[in-house]
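Note: the block below is final-v2.cif and it holds mmCIF, N, CA and C atoms.
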```cif
data_entry
loop_
_atom_site.label_atom_id
_atom_site.label_comp_id
_atom_site.auth_asym_id
_atom_site.auth_seq_id
_atom_site.Cartn_x
_atom_site.Cartn_y
_atom_site.Cartn_z
N PRO E 22 93.51 -50.18 132.87
CA PRO E 22 92.96 -51.53 132.73
C PRO E 22 93.56 -52.46 133.76
N ARG E 23 92.80 -53.47 134.11
CA ARG E 23 93.29 -54.41 135.11
C ARG E 23 94.35 -55.32 134.50
N PRO E 24 95.19 -55.92 135.32
CA PRO E 24 96.25 -56.81 134.80
C PRO E 24 95.64 -57.95 133.98
N GLY E 25 96.32 -58.27 132.92
CA GLY E 25 95.88 -59.37 132.09
C GLY E 25 94.95 -58.96 130.96
N ALA E 26 94.46 -57.72 130.97
CA ALA E 26 93.51 -57.28 129.95
C ALA E 26 94.14 -57.31 128.56
N SER E 27 95.41 -56.93 128.46
CA SER E 27 96.04 -56.92 127.13
C SER E 27 96.23 -58.36 126.63
N TRP E 28 96.50 -59.29 127.55
CA TRP E 28 96.63 -60.69 127.15
C TRP E 28 95.30 -61.20 126.60
N LEU E 29 94.21 -60.85 127.26
CA LEU E 29 92.89 -61.28 126.80
C LEU E 29 92.59 -60.71 125.42
N ARG E 30 92.95 -59.46 125.19
CA ARG E 30 92.71 -58.85 123.87
C ARG E 30 93.50 -59.58 122.79
N ARG E 31 94.73 -59.97 123.10
CA ARG E 31 95.55 -60.67 122.11
C ARG E 31 94.99 -62.03 121.79
N GLN E 32 94.25 -62.63 122.71
CA GLN E 32 93.71 -63.97 122.49
C GLN E 32 92.41 -63.95 121.68
N SER E 33 91.77 -62.79 121.60
CA SER E 33 90.49 -62.74 120.89
C SER E 33 90.71 -62.79 119.39
N VAL E 34 89.70 -63.25 118.68
CA VAL E 34 89.76 -63.36 117.23
C VAL E 34 89.06 -62.16 116.62
N ASP E 35 89.69 -61.56 115.64
CA ASP E 35 89.06 -60.45 114.93
C ASP E 35 88.17 -61.04 113.86
N VAL E 36 86.89 -61.24 114.20
CA VAL E 36 85.93 -61.82 113.27
C VAL E 36 85.85 -60.93 112.04
N GLY E 37 85.90 -61.56 110.87
CA GLY E 37 85.84 -60.82 109.62
C GLY E 37 87.20 -60.52 109.01
N GLU E 38 88.26 -60.62 109.80
CA GLU E 38 89.61 -60.39 109.31
C GLU E 38 90.17 -61.66 108.68
N THR E 39 91.07 -61.49 107.70
CA THR E 39 91.72 -62.64 107.09
C THR E 39 92.91 -63.06 107.96
N PRO E 40 92.96 -64.33 108.39
CA PRO E 40 94.10 -64.78 109.19
C PRO E 40 95.39 -64.68 108.37
N GLN E 41 96.46 -64.26 109.04
CA GLN E 41 97.75 -64.09 108.37
C GLN E 41 98.19 -65.35 107.64
N ASP E 42 97.99 -66.52 108.28
CA ASP E 42 98.50 -67.76 107.72
C ASP E 42 97.65 -68.29 106.55
N LEU E 43 96.58 -67.57 106.18
CA LEU E 43 95.75 -68.00 105.05
C LEU E 43 95.65 -66.95 103.95
N LYS E 44 96.32 -65.80 104.15
CA LYS E 44 96.24 -64.71 103.16
C LYS E 44 96.73 -65.13 101.79
N ASP E 45 97.66 -66.08 101.75
CA ASP E 45 98.22 -66.51 100.46
C ASP E 45 97.19 -67.22 99.59
N LEU E 46 96.06 -67.65 100.17
CA LEU E 46 95.05 -68.36 99.39
C LEU E 46 94.01 -67.43 98.77
N VAL E 47 93.97 -66.17 99.23
CA VAL E 47 92.98 -65.22 98.73
C VAL E 47 93.46 -64.64 97.41
N ASN E 48 92.58 -64.63 96.42
CA ASN E 48 92.89 -64.12 95.07
C ASN E 48 94.08 -64.82 94.44
N GLY E 49 94.26 -66.09 94.79
CA GLY E 49 95.38 -66.86 94.24
C GLY E 49 94.96 -67.62 92.99
N GLN E 50 95.84 -68.49 92.55
CA GLN E 50 95.60 -69.26 91.34
C GLN E 50 94.82 -70.55 91.60
N ARG E 51 94.79 -70.98 92.86
CA ARG E 51 94.12 -72.24 93.18
C ARG E 51 92.60 -72.10 93.10
N VAL E 52 91.95 -73.19 92.73
CA VAL E 52 90.50 -73.19 92.55
C VAL E 52 89.89 -74.33 93.35
N GLY E 53 88.71 -74.10 93.92
CA GLY E 53 87.88 -75.13 94.55
C GLY E 53 88.62 -76.18 95.34
N GLY E 54 88.65 -77.41 94.82
CA GLY E 54 89.25 -78.55 95.50
C GLY E 54 90.73 -78.38 95.79
N GLU E 55 91.43 -77.58 94.98
CA GLU E 55 92.85 -77.33 95.24
C GLU E 55 93.01 -76.56 96.55
N VAL E 56 92.11 -75.62 96.79
CA VAL E 56 92.13 -74.85 98.04
C VAL E 56 91.82 -75.78 99.21
N ASP E 57 90.82 -76.66 99.02
CA ASP E 57 90.48 -77.64 100.05
C ASP E 57 91.71 -78.48 100.41
N ASP E 58 92.44 -78.95 99.40
CA ASP E 58 93.63 -79.77 99.63
C ASP E 58 94.68 -79.03 100.46
N VAL E 59 94.88 -77.75 100.16
CA VAL E 59 95.86 -76.95 100.89
C VAL E 59 95.43 -76.80 102.35
N LEU E 60 94.15 -76.48 102.56
CA LEU E 60 93.66 -76.32 103.94
C LEU E 60 93.80 -77.63 104.72
N LEU E 61 93.45 -78.75 104.10
CA LEU E 61 93.60 -80.05 104.76
C LEU E 61 95.06 -80.32 105.11
N SER E 62 95.97 -79.98 104.20
CA SER E 62 97.39 -80.22 104.45
C SER E 62 97.93 -79.33 105.57
N ARG E 63 97.23 -78.22 105.83
CA ARG E 63 97.63 -77.31 106.91
C ARG E 63 96.92 -77.62 108.23
N GLY E 64 96.19 -78.73 108.26
CA GLY E 64 95.58 -79.16 109.51
C GLY E 64 94.18 -78.64 109.77
N TRP E 65 93.52 -78.10 108.75
CA TRP E 65 92.15 -77.62 108.90
C TRP E 65 91.18 -78.75 108.58
N SER E 66 89.99 -78.71 109.21
CA SER E 66 88.93 -79.69 108.96
C SER E 66 87.74 -78.97 108.34
N GLN E 67 87.20 -79.57 107.27
CA GLN E 67 86.07 -78.94 106.59
C GLN E 67 84.77 -79.21 107.32
N GLY E 68 83.97 -78.19 107.42
CA GLY E 68 82.65 -78.30 108.03
C GLY E 68 81.59 -78.14 106.96
N LYS E 69 80.57 -77.39 107.29
CA LYS E 69 79.45 -77.20 106.37
C LYS E 69 79.81 -76.24 105.23
N SER E 70 79.05 -76.33 104.16
CA SER E 70 79.15 -75.39 103.04
C SER E 70 77.75 -74.88 102.75
N GLU E 71 77.67 -73.63 102.35
CA GLU E 71 76.39 -73.02 102.02
C GLU E 71 76.49 -72.34 100.66
N GLU E 72 75.48 -72.53 99.84
CA GLU E 72 75.44 -71.85 98.54
C GLU E 72 74.54 -70.63 98.64
N GLN E 73 75.01 -69.54 98.05
CA GLN E 73 74.20 -68.33 97.94
C GLN E 73 74.34 -67.86 96.50
N GLY E 74 73.33 -68.14 95.70
CA GLY E 74 73.44 -67.86 94.28
C GLY E 74 74.51 -68.74 93.68
N SER E 75 75.46 -68.13 92.98
CA SER E 75 76.54 -68.91 92.37
C SER E 75 77.78 -68.97 93.27
N ASP E 76 77.73 -68.35 94.46
CA ASP E 76 78.85 -68.36 95.38
C ASP E 76 78.69 -69.47 96.42
N VAL E 77 79.82 -69.94 96.94
CA VAL E 77 79.81 -70.97 97.98
C VAL E 77 80.62 -70.46 99.18
N TYR E 78 80.07 -70.68 100.36
CA TYR E 78 80.74 -70.33 101.61
C TYR E 78 81.03 -71.64 102.35
N SER E 79 82.31 -71.91 102.56
CA SER E 79 82.75 -73.16 103.16
C SER E 79 83.40 -72.86 104.51
N TYR E 80 82.95 -73.56 105.56
CA TYR E 80 83.46 -73.34 106.91
C TYR E 80 84.51 -74.37 107.26
N TRP E 81 85.61 -73.90 107.87
CA TRP E 81 86.74 -74.74 108.22
C TRP E 81 87.16 -74.47 109.65
N SER E 82 87.58 -75.52 110.36
CA SER E 82 88.03 -75.34 111.74
C SER E 82 89.41 -75.96 111.94
N GLN E 83 90.10 -75.40 112.92
CA GLN E 83 91.41 -75.90 113.34
C GLN E 83 91.50 -75.62 114.84
N GLY E 84 91.27 -76.65 115.65
CA GLY E 84 91.19 -76.42 117.09
C GLY E 84 89.99 -75.53 117.39
N SER E 85 90.22 -74.43 118.08
CA SER E 85 89.13 -73.50 118.39
C SER E 85 88.98 -72.43 117.32
N ARG E 86 89.81 -72.47 116.29
CA ARG E 86 89.73 -71.48 115.21
C ARG E 86 88.65 -71.88 114.20
N CYS E 87 88.01 -70.88 113.63
CA CYS E 87 86.99 -71.11 112.60
C CYS E 87 87.14 -70.04 111.54
N VAL E 88 87.12 -70.44 110.27
CA VAL E 88 87.15 -69.48 109.18
C VAL E 88 86.07 -69.84 108.16
N VAL E 89 85.67 -68.85 107.41
CA VAL E 89 84.75 -69.08 106.30
C VAL E 89 85.47 -68.69 105.02
N VAL E 90 85.46 -69.61 104.05
CA VAL E 90 86.10 -69.39 102.75
C VAL E 90 84.99 -69.09 101.75
N HIS E 91 85.08 -67.93 101.11
CA HIS E 91 84.08 -67.51 100.12
C HIS E 91 84.64 -67.78 98.72
N PHE E 92 84.01 -68.73 98.03
CA PHE E 92 84.37 -69.04 96.64
C PHE E 92 83.40 -68.31 95.72
N ASN E 93 83.92 -67.62 94.71
CA ASN E 93 83.04 -66.95 93.75
C ASN E 93 82.55 -67.93 92.69
N ALA E 94 81.83 -67.44 91.71
CA ALA E 94 81.22 -68.31 90.69
C ALA E 94 82.25 -69.14 89.93
N SER E 95 83.48 -68.63 89.77
CA SER E 95 84.52 -69.38 89.06
C SER E 95 85.32 -70.27 90.02
N ARG E 96 84.87 -70.34 91.28
CA ARG E 96 85.44 -71.17 92.34
C ARG E 96 86.84 -70.72 92.77
N HIS E 97 87.16 -69.45 92.52
CA HIS E 97 88.37 -68.86 93.08
C HIS E 97 88.01 -68.31 94.46
N VAL E 98 89.01 -68.19 95.34
CA VAL E 98 88.76 -67.68 96.69
C VAL E 98 88.60 -66.16 96.63
N GLU E 99 87.41 -65.72 96.95
CA GLU E 99 87.10 -64.29 97.02
C GLU E 99 87.61 -63.71 98.34
N SER E 100 87.42 -64.48 99.42
CA SER E 100 87.89 -64.04 100.73
C SER E 100 87.96 -65.23 101.69
N ILE E 101 88.77 -65.05 102.73
CA ILE E 101 88.80 -65.97 103.86
C ILE E 101 88.73 -65.09 105.10
N ALA E 102 87.78 -65.38 105.96
CA ALA E 102 87.61 -64.53 107.14
C ALA E 102 87.43 -65.36 108.40
N ASN E 103 87.97 -64.83 109.50
CA ASN E 103 87.71 -65.45 110.79
C ASN E 103 86.21 -65.43 111.04
N ALA E 104 85.72 -66.49 111.65
CA ALA E 104 84.31 -66.59 111.99
C ALA E 104 84.18 -67.02 113.45
N MET E 105 83.01 -66.86 114.01
CA MET E 105 82.77 -67.30 115.37
C MET E 105 82.93 -68.82 115.42
N GLU E 106 83.51 -69.31 116.49
CA GLU E 106 83.74 -70.75 116.64
C GLU E 106 82.44 -71.54 116.46
N SER E 107 81.34 -70.97 116.91
CA SER E 107 80.04 -71.66 116.82
C SER E 107 79.60 -71.87 115.37
N SER E 108 80.13 -71.07 114.44
CA SER E 108 79.78 -71.23 113.02
C SER E 108 80.33 -72.53 112.45
N CYS E 109 81.36 -73.07 113.06
CA CYS E 109 82.00 -74.29 112.57
C CYS E 109 81.45 -75.54 113.26
N LYS E 110 80.50 -75.39 114.15
CA LYS E 110 79.95 -76.54 114.88
C LYS E 110 78.90 -77.23 114.05
#
```
I need this file expressed as structure tokens, please.
Amino acid sequence: PRPGASWLRRQSVDVGETPQDLKDLVNGQRVGGEVDDVLLSRGWSQGKSEEQGSDVYSYWSQGSRCVVVHFNASRHVESIANAMESSCK
């Protein structure tokens, strides 16, 4: 590989993976707005939310980072996954 290729790989986001710094919120005790409060306190900004049946998908950004938080019917966090930056626009 050409020089710098490993640096570029390290900079890319693994879409669909849970970011290390947010793993503590998945399957935790916090619900709905409590999760929002934690994300806000960590410097994330809330974007759009989408409902699919009884589940809610909420998009959050922090700089060029974008994640989607999946809340289940009881408003617990089912998953948090990296998303394409364009999803948070």
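CA of Ser85 in chain E lies 25.4 Å from CA of Asn48 in chain E.
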Worksheet item: So how far away is CA of Leu46 in chain E from CA of Val77 in chain E, in Å?
Response: 15.5 Å
Worksheet entry | Which of E:Ser108, E:Lys44, E:Val36, E:Asp58 sits closest to Trp81 in chain E [using only N, CA and C atoms] |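 Closest candidate: E:Ser108.
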Practice prompt. Can you pull out every residue within 6 Å of Cys109 in chain E, counting only N, CA and C atoms, but drop anything in the same chain fewer than 3 positions away, and send it as a PyMOL selection string?
Written response: chain E and resi 80-81+87+105-106
Practice prompt. Quick one: apply the PyMOL selection byres ((chain E and resi 83) around 8) to the file and drop the selected residues here as JSON, numbers by chain.
Written response: {"E": [63, 64, 65, 66, 67, 81, 82, 84, 85, 86, 87, 88]}
Worksheet item: How far is it from atom N of Arg51 in chain E to CA of Asp35 in chain E, in Å with one decimal?
Response: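 Computed distance, atom N of Arg51 in chain E to CA of Asp35 in chain E, equals 25.1 Å.
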Practice prompt. With a distance cut-off of 8 Å and only C-alpha atoms, select the neighbouring residues of Val90 in chain E, excluding the residue or stretch itself and same-chain residues fewer than 2 positions from it, and output the selection as a PyMOL selection string.
Written response: chain E and resi 78-81+88+92+98-102
Worksheet item: When DSSP works through the backbone of this structure, what residues of chain E end up as strand (DSSP E), shown as a PyMOL selection string?
Response: chain E and resi 66-73+76-83+86-92+98-103
Mind writing the picked residues with N, CA and C atoms as a PDB file, in the coordinates of the input?
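Just written: out.pdb:
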```
ATOM      1  N   SER E  66      89.990 -78.710 109.210  1.00  0.00           N
ATOM      2  CA  SER E  66      88.930 -79.690 108.960  1.00  0.00           C
ATOM      3  C   SER E  66      87.740 -78.970 108.340  1.00  0.00           C
ATOM      4  N   GLN E  67      87.200 -79.570 107.270  1.00  0.00           N
ATOM      5  CA  GLN E  67      86.070 -78.940 106.590  1.00  0.00           C
ATOM      6  C   GLN E  67      84.770 -79.210 107.320  1.00  0.00           C
ATOM      7  N   GLY E  68      83.970 -78.190 107.420  1.00  0.00           N
ATOM      8  CA  GLY E  68      82.650 -78.300 108.030  1.00  0.00           C
ATOM      9  C   GLY E  68      81.590 -78.140 106.960  1.00  0.00           C
ATOM     10  N   LYS E  69      80.570 -77.390 107.290  1.00  0.00           N
ATOM     11  CA  LYS E  69      79.450 -77.200 106.370  1.00  0.00           C
ATOM     12  C   LYS E  69      79.810 -76.240 105.230  1.00  0.00           C
ATOM     13  N   SER E  70      79.050 -76.330 104.160  1.00  0.00           N
ATOM     14  CA  SER E  70      79.150 -75.390 103.040  1.00  0.00           C
ATOM     15  C   SER E  70      77.750 -74.880 102.750  1.00  0.00           C
ATOM     16  N   GLU E  71      77.670 -73.630 102.350  1.00  0.00           N
ATOM     17  CA  GLU E  71      76.390 -73.020 102.020  1.00  0.00           C
ATOM     18  C   GLU E  71      76.490 -72.340 100.660  1.00  0.00           C
ATOM     19  N   GLU E  72      75.480 -72.530  99.840  1.00  0.00           N
ATOM     20  CA  GLU E  72      75.440 -71.850  98.540  1.00  0.00           C
ATOM     21  C   GLU E  72      74.540 -70.630  98.640  1.00  0.00           C
ATOM     22  N   GLN E  73      75.010 -69.540  98.050  1.00  0.00           N
ATOM     23  CA  GLN E  73      74.200 -68.330  97.940  1.00  0.00           C
ATOM     24  C   GLN E  73      74.340 -67.860  96.500  1.00  0.00           C
ATOM     25  N   ASP E  76      77.730 -68.350  94.460  1.00  0.00           N
ATOM     26  CA  ASP E  76      78.850 -68.360  95.380  1.00  0.00           C
ATOM     27  C   ASP E  76      78.690 -69.470  96.420  1.00  0.00           C
ATOM     28  N   VAL E  77      79.820 -69.940  96.940  1.00  0.00           N
ATOM     29  CA  VAL E  77      79.810 -70.970  97.980  1.00  0.00           C
ATOM     30  C   VAL E  77      80.620 -70.460  99.180  1.00  0.00           C
ATOM     31  N   TYR E  78      80.070 -70.680 100.360  1.00  0.00           N
ATOM     32  CA  TYR E  78      80.740 -70.330 101.610  1.00  0.00           C
ATOM     33  C   TYR E  78      81.030 -71.640 102.350  1.00  0.00           C
ATOM     34  N   SER E  79      82.310 -71.910 102.560  1.00  0.00           N
ATOM     35  CA  SER E  79      82.750 -73.160 103.160  1.00  0.00           C
ATOM     36  C   SER E  79      83.400 -72.860 104.510  1.00  0.00           C
ATOM     37  N   TYR E  80      82.950 -73.560 105.560  1.00  0.00           N
ATOM     38  CA  TYR E  80      83.460 -73.340 106.910  1.00  0.00           C
ATOM     39  C   TYR E  80      84.510 -74.370 107.260  1.00  0.00           C
ATOM     40  N   TRP E  81      85.610 -73.900 107.870  1.00  0.00           N
ATOM     41  CA  TRP E  81      86.740 -74.740 108.220  1.00  0.00           C
ATOM     42  C   TRP E  81      87.160 -74.470 109.650  1.00  0.00           C
ATOM     43  N   SER E  82      87.580 -75.520 110.360  1.00  0.00           N
ATOM     44  CA  SER E  82      88.030 -75.340 111.740  1.00  0.00           C
ATOM     45  C   SER E  82      89.410 -75.960 111.940  1.00  0.00           C
ATOM     46  N   GLN E  83      90.100 -75.400 112.920  1.00  0.00           N
ATOM     47  CA  GLN E  83      91.410 -75.900 113.340  1.00  0.00           C
ATOM     48  C   GLN E  83      91.500 -75.620 114.840  1.00  0.00           C
ATOM     49  N   ARG E  86      89.810 -72.470 116.290  1.00  0.00           N
ATOM     50  CA  ARG E  86      89.730 -71.480 115.210  1.00  0.00           C
ATOM     51  C   ARG E  86      88.650 -71.880 114.200  1.00  0.00           C
ATOM     52  N   CYS E  87      88.010 -70.880 113.630  1.00  0.00           N
ATOM     53  CA  CYS E  87      86.990 -71.110 112.600  1.00  0.00           C
ATOM     54  C   CYS E  87      87.140 -70.040 111.540  1.00  0.00           C
ATOM     55  N   VAL E  88      87.120 -70.440 110.270  1.00  0.00           N
ATOM     56  CA  VAL E  88      87.150 -69.480 109.180  1.00  0.00           C
ATOM     57  C   VAL E  88      86.070 -69.840 108.160  1.00  0.00           C
ATOM     58  N   VAL E  89      85.670 -68.850 107.410  1.00  0.00           N
ATOM     59  CA  VAL E  89      84.750 -69.080 106.300  1.00  0.00           C
ATOM     60  C   VAL E  89      85.470 -68.690 105.020  1.00  0.00           C
ATOM     61  N   VAL E  90      85.460 -69.610 104.050  1.00  0.00           N
ATOM     62  CA  VAL E  90      86.100 -69.390 102.750  1.00  0.00           C
ATOM     63  C   VAL E  90      84.990 -69.090 101.750  1.00  0.00           C
ATOM     64  N   HIS E  91      85.080 -67.930 101.110  1.00  0.00           N
ATOM     65  CA  HIS E  91      84.080 -67.510 100.120  1.00  0.00           C
ATOM     66  C   HIS E  91      84.640 -67.780  98.720  1.00  0.00           C
ATOM     67  N   PHE E  92      84.010 -68.730  98.030  1.00  0.00           N
ATOM     68  CA  PHE E  92      84.370 -69.040  96.640  1.00  0.00           C
ATOM     69  C   PHE E  92      83.400 -68.310  95.720  1.00  0.00           C
ATOM     70  N   VAL E  98      89.010 -68.190  95.340  1.00  0.00           N
ATOM     71  CA  VAL E  98      88.760 -67.680  96.690  1.00  0.00           C
ATOM     72  C   VAL E  98      88.600 -66.160  96.630  1.00  0.00           C
ATOM     73  N   GLU E  99      87.410 -65.720  96.950  1.00  0.00           N
ATOM     74  CA  GLU E  99      87.100 -64.290  97.020  1.00  0.00           C
ATOM     75  C   GLU E  99      87.610 -63.710  98.340  1.00  0.00           C
ATOM     76  N   SER E 100      87.420 -64.480  99.420  1.00  0.00           N
ATOM     77  CA  SER E 100      87.890 -64.040 100.730  1.00  0.00           C
ATOM     78  C   SER E 100      87.960 -65.230 101.690  1.00  0.00           C
ATOM     79  N   ILE E 101      88.770 -65.050 102.730  1.00  0.00           N
ATOM     80  CA  ILE E 101      88.800 -65.970 103.860  1.00  0.00           C
ATOM     81  C   ILE E 101      88.730 -65.090 105.100  1.00  0.00           C
ATOM     82  N   ALA E 102      87.780 -65.380 105.960  1.00  0.00           N
ATOM     83  CA  ALA E 102      87.610 -64.530 107.140  1.00  0.00           C
ATOM     84  C   ALA E 102      87.430 -65.360 108.400  1.00  0.00           C
ATOM     85  N   ASN E 103      87.970 -64.830 109.500  1.00  0.00           N
ATOM     86  CA  ASN E 103      87.710 -65.450 110.790  1.00  0.00           C
ATOM     87  C   ASN E 103      86.210 -65.430 111.040  1.00  0.00           C
TER      88      ASN E 103
END
```
Kindly complete range 92-102 of chain E to all heavy atoms; the output should be written as a CSV table (one decimal), in the coordinates of the input.
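For reference, result26.csv as written:
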```csv
chain,number,residue,atom,x,y,z
E,92,PHE,N,84.0,-68.7,98.0
E,92,PHE,CA,84.4,-69.0,96.6
E,92,PHE,C,83.4,-68.3,95.7
E,92,PHE,O,82.2,-68.4,95.9
E,92,PHE,CB,84.2,-70.6,96.4
E,92,PHE,CG,85.2,-71.4,97.1
E,92,PHE,CD1,84.9,-72.0,98.3
E,92,PHE,CD2,86.5,-71.6,96.6
E,92,PHE,CE1,85.9,-72.8,99.0
E,92,PHE,CE2,87.4,-72.4,97.2
E,92,PHE,CZ,87.1,-73.0,98.4
E,93,ASN,N,83.9,-67.6,94.7
E,93,ASN,CA,83.0,-67.0,93.8
E,93,ASN,C,82.6,-67.9,92.7
E,93,ASN,O,82.8,-69.1,92.8
E,93,ASN,CB,83.7,-65.7,93.1
E,93,ASN,CG,85.0,-66.1,92.4
E,93,ASN,OD1,85.2,-67.2,91.9
E,93,ASN,ND2,85.9,-65.1,92.2
E,94,ALA,N,81.8,-67.4,91.7
E,94,ALA,CA,81.2,-68.3,90.7
E,94,ALA,C,82.2,-69.1,89.9
E,94,ALA,O,82.0,-70.3,89.5
E,94,ALA,CB,80.4,-67.5,89.7
E,95,SER,N,83.5,-68.6,89.8
E,95,SER,CA,84.5,-69.4,89.1
E,95,SER,C,85.3,-70.3,90.0
E,95,SER,O,86.3,-70.9,89.6
E,95,SER,CB,85.5,-68.4,88.3
E,95,SER,OG,86.1,-67.6,89.2
E,96,ARG,N,84.9,-70.3,91.3
E,96,ARG,CA,85.4,-71.2,92.3
E,96,ARG,C,86.8,-70.7,92.8
E,96,ARG,O,87.6,-71.5,93.3
E,96,ARG,CB,85.4,-72.7,92.0
E,96,ARG,CG,84.0,-73.2,91.9
E,96,ARG,CD,83.3,-73.0,93.2
E,96,ARG,NE,81.9,-73.4,93.0
E,96,ARG,CZ,80.8,-72.6,93.0
E,96,ARG,NH1,81.0,-71.3,93.1
E,96,ARG,NH2,79.6,-73.0,92.9
E,97,HIS,N,87.2,-69.4,92.5
E,97,HIS,CA,88.4,-68.9,93.1
E,97,HIS,C,88.0,-68.3,94.5
E,97,HIS,O,86.9,-68.0,94.7
E,97,HIS,CB,88.9,-67.7,92.2
E,97,HIS,CG,89.6,-68.2,91.0
E,97,HIS,ND1,88.9,-68.5,89.8
E,97,HIS,CD2,90.9,-68.6,90.8
E,97,HIS,CE1,89.8,-68.9,88.9
E,97,HIS,NE2,91.0,-69.0,89.5
E,98,VAL,N,89.0,-68.2,95.3
E,98,VAL,CA,88.8,-67.7,96.7
E,98,VAL,C,88.6,-66.2,96.6
E,98,VAL,O,89.5,-65.4,96.3
E,98,VAL,CB,89.9,-68.1,97.6
E,98,VAL,CG1,89.7,-67.4,99.0
E,98,VAL,CG2,90.0,-69.6,97.8
E,99,GLU,N,87.4,-65.7,97.0
E,99,GLU,CA,87.1,-64.3,97.0
E,99,GLU,C,87.6,-63.7,98.3
E,99,GLU,O,88.2,-62.6,98.4
E,99,GLU,CB,85.6,-64.1,96.9
E,99,GLU,CG,85.1,-62.7,96.8
E,99,GLU,CD,85.2,-62.2,95.3
E,99,GLU,OE1,85.3,-63.0,94.4
E,99,GLU,OE2,85.2,-61.0,95.2
E,100,SER,N,87.4,-64.5,99.4
E,100,SER,CA,87.9,-64.0,100.7
E,100,SER,C,88.0,-65.2,101.7
E,100,SER,O,87.3,-66.3,101.5
E,100,SER,CB,86.9,-63.0,101.3
E,100,SER,OG,85.7,-63.5,101.6
E,101,ILE,N,88.8,-65.0,102.7
E,101,ILE,CA,88.8,-66.0,103.9
E,101,ILE,C,88.7,-65.1,105.1
E,101,ILE,O,89.5,-64.1,105.2
E,101,ILE,CB,90.1,-66.8,103.9
E,101,ILE,CG1,90.2,-67.7,102.6
E,101,ILE,CG2,90.1,-67.7,105.2
E,101,ILE,CD1,91.5,-68.5,102.6
E,102,ALA,N,87.8,-65.4,106.0
E,102,ALA,CA,87.6,-64.5,107.1
E,102,ALA,C,87.4,-65.4,108.4
E,102,ALA,O,86.8,-66.4,108.4
E,102,ALA,CB,86.4,-63.6,106.9
```
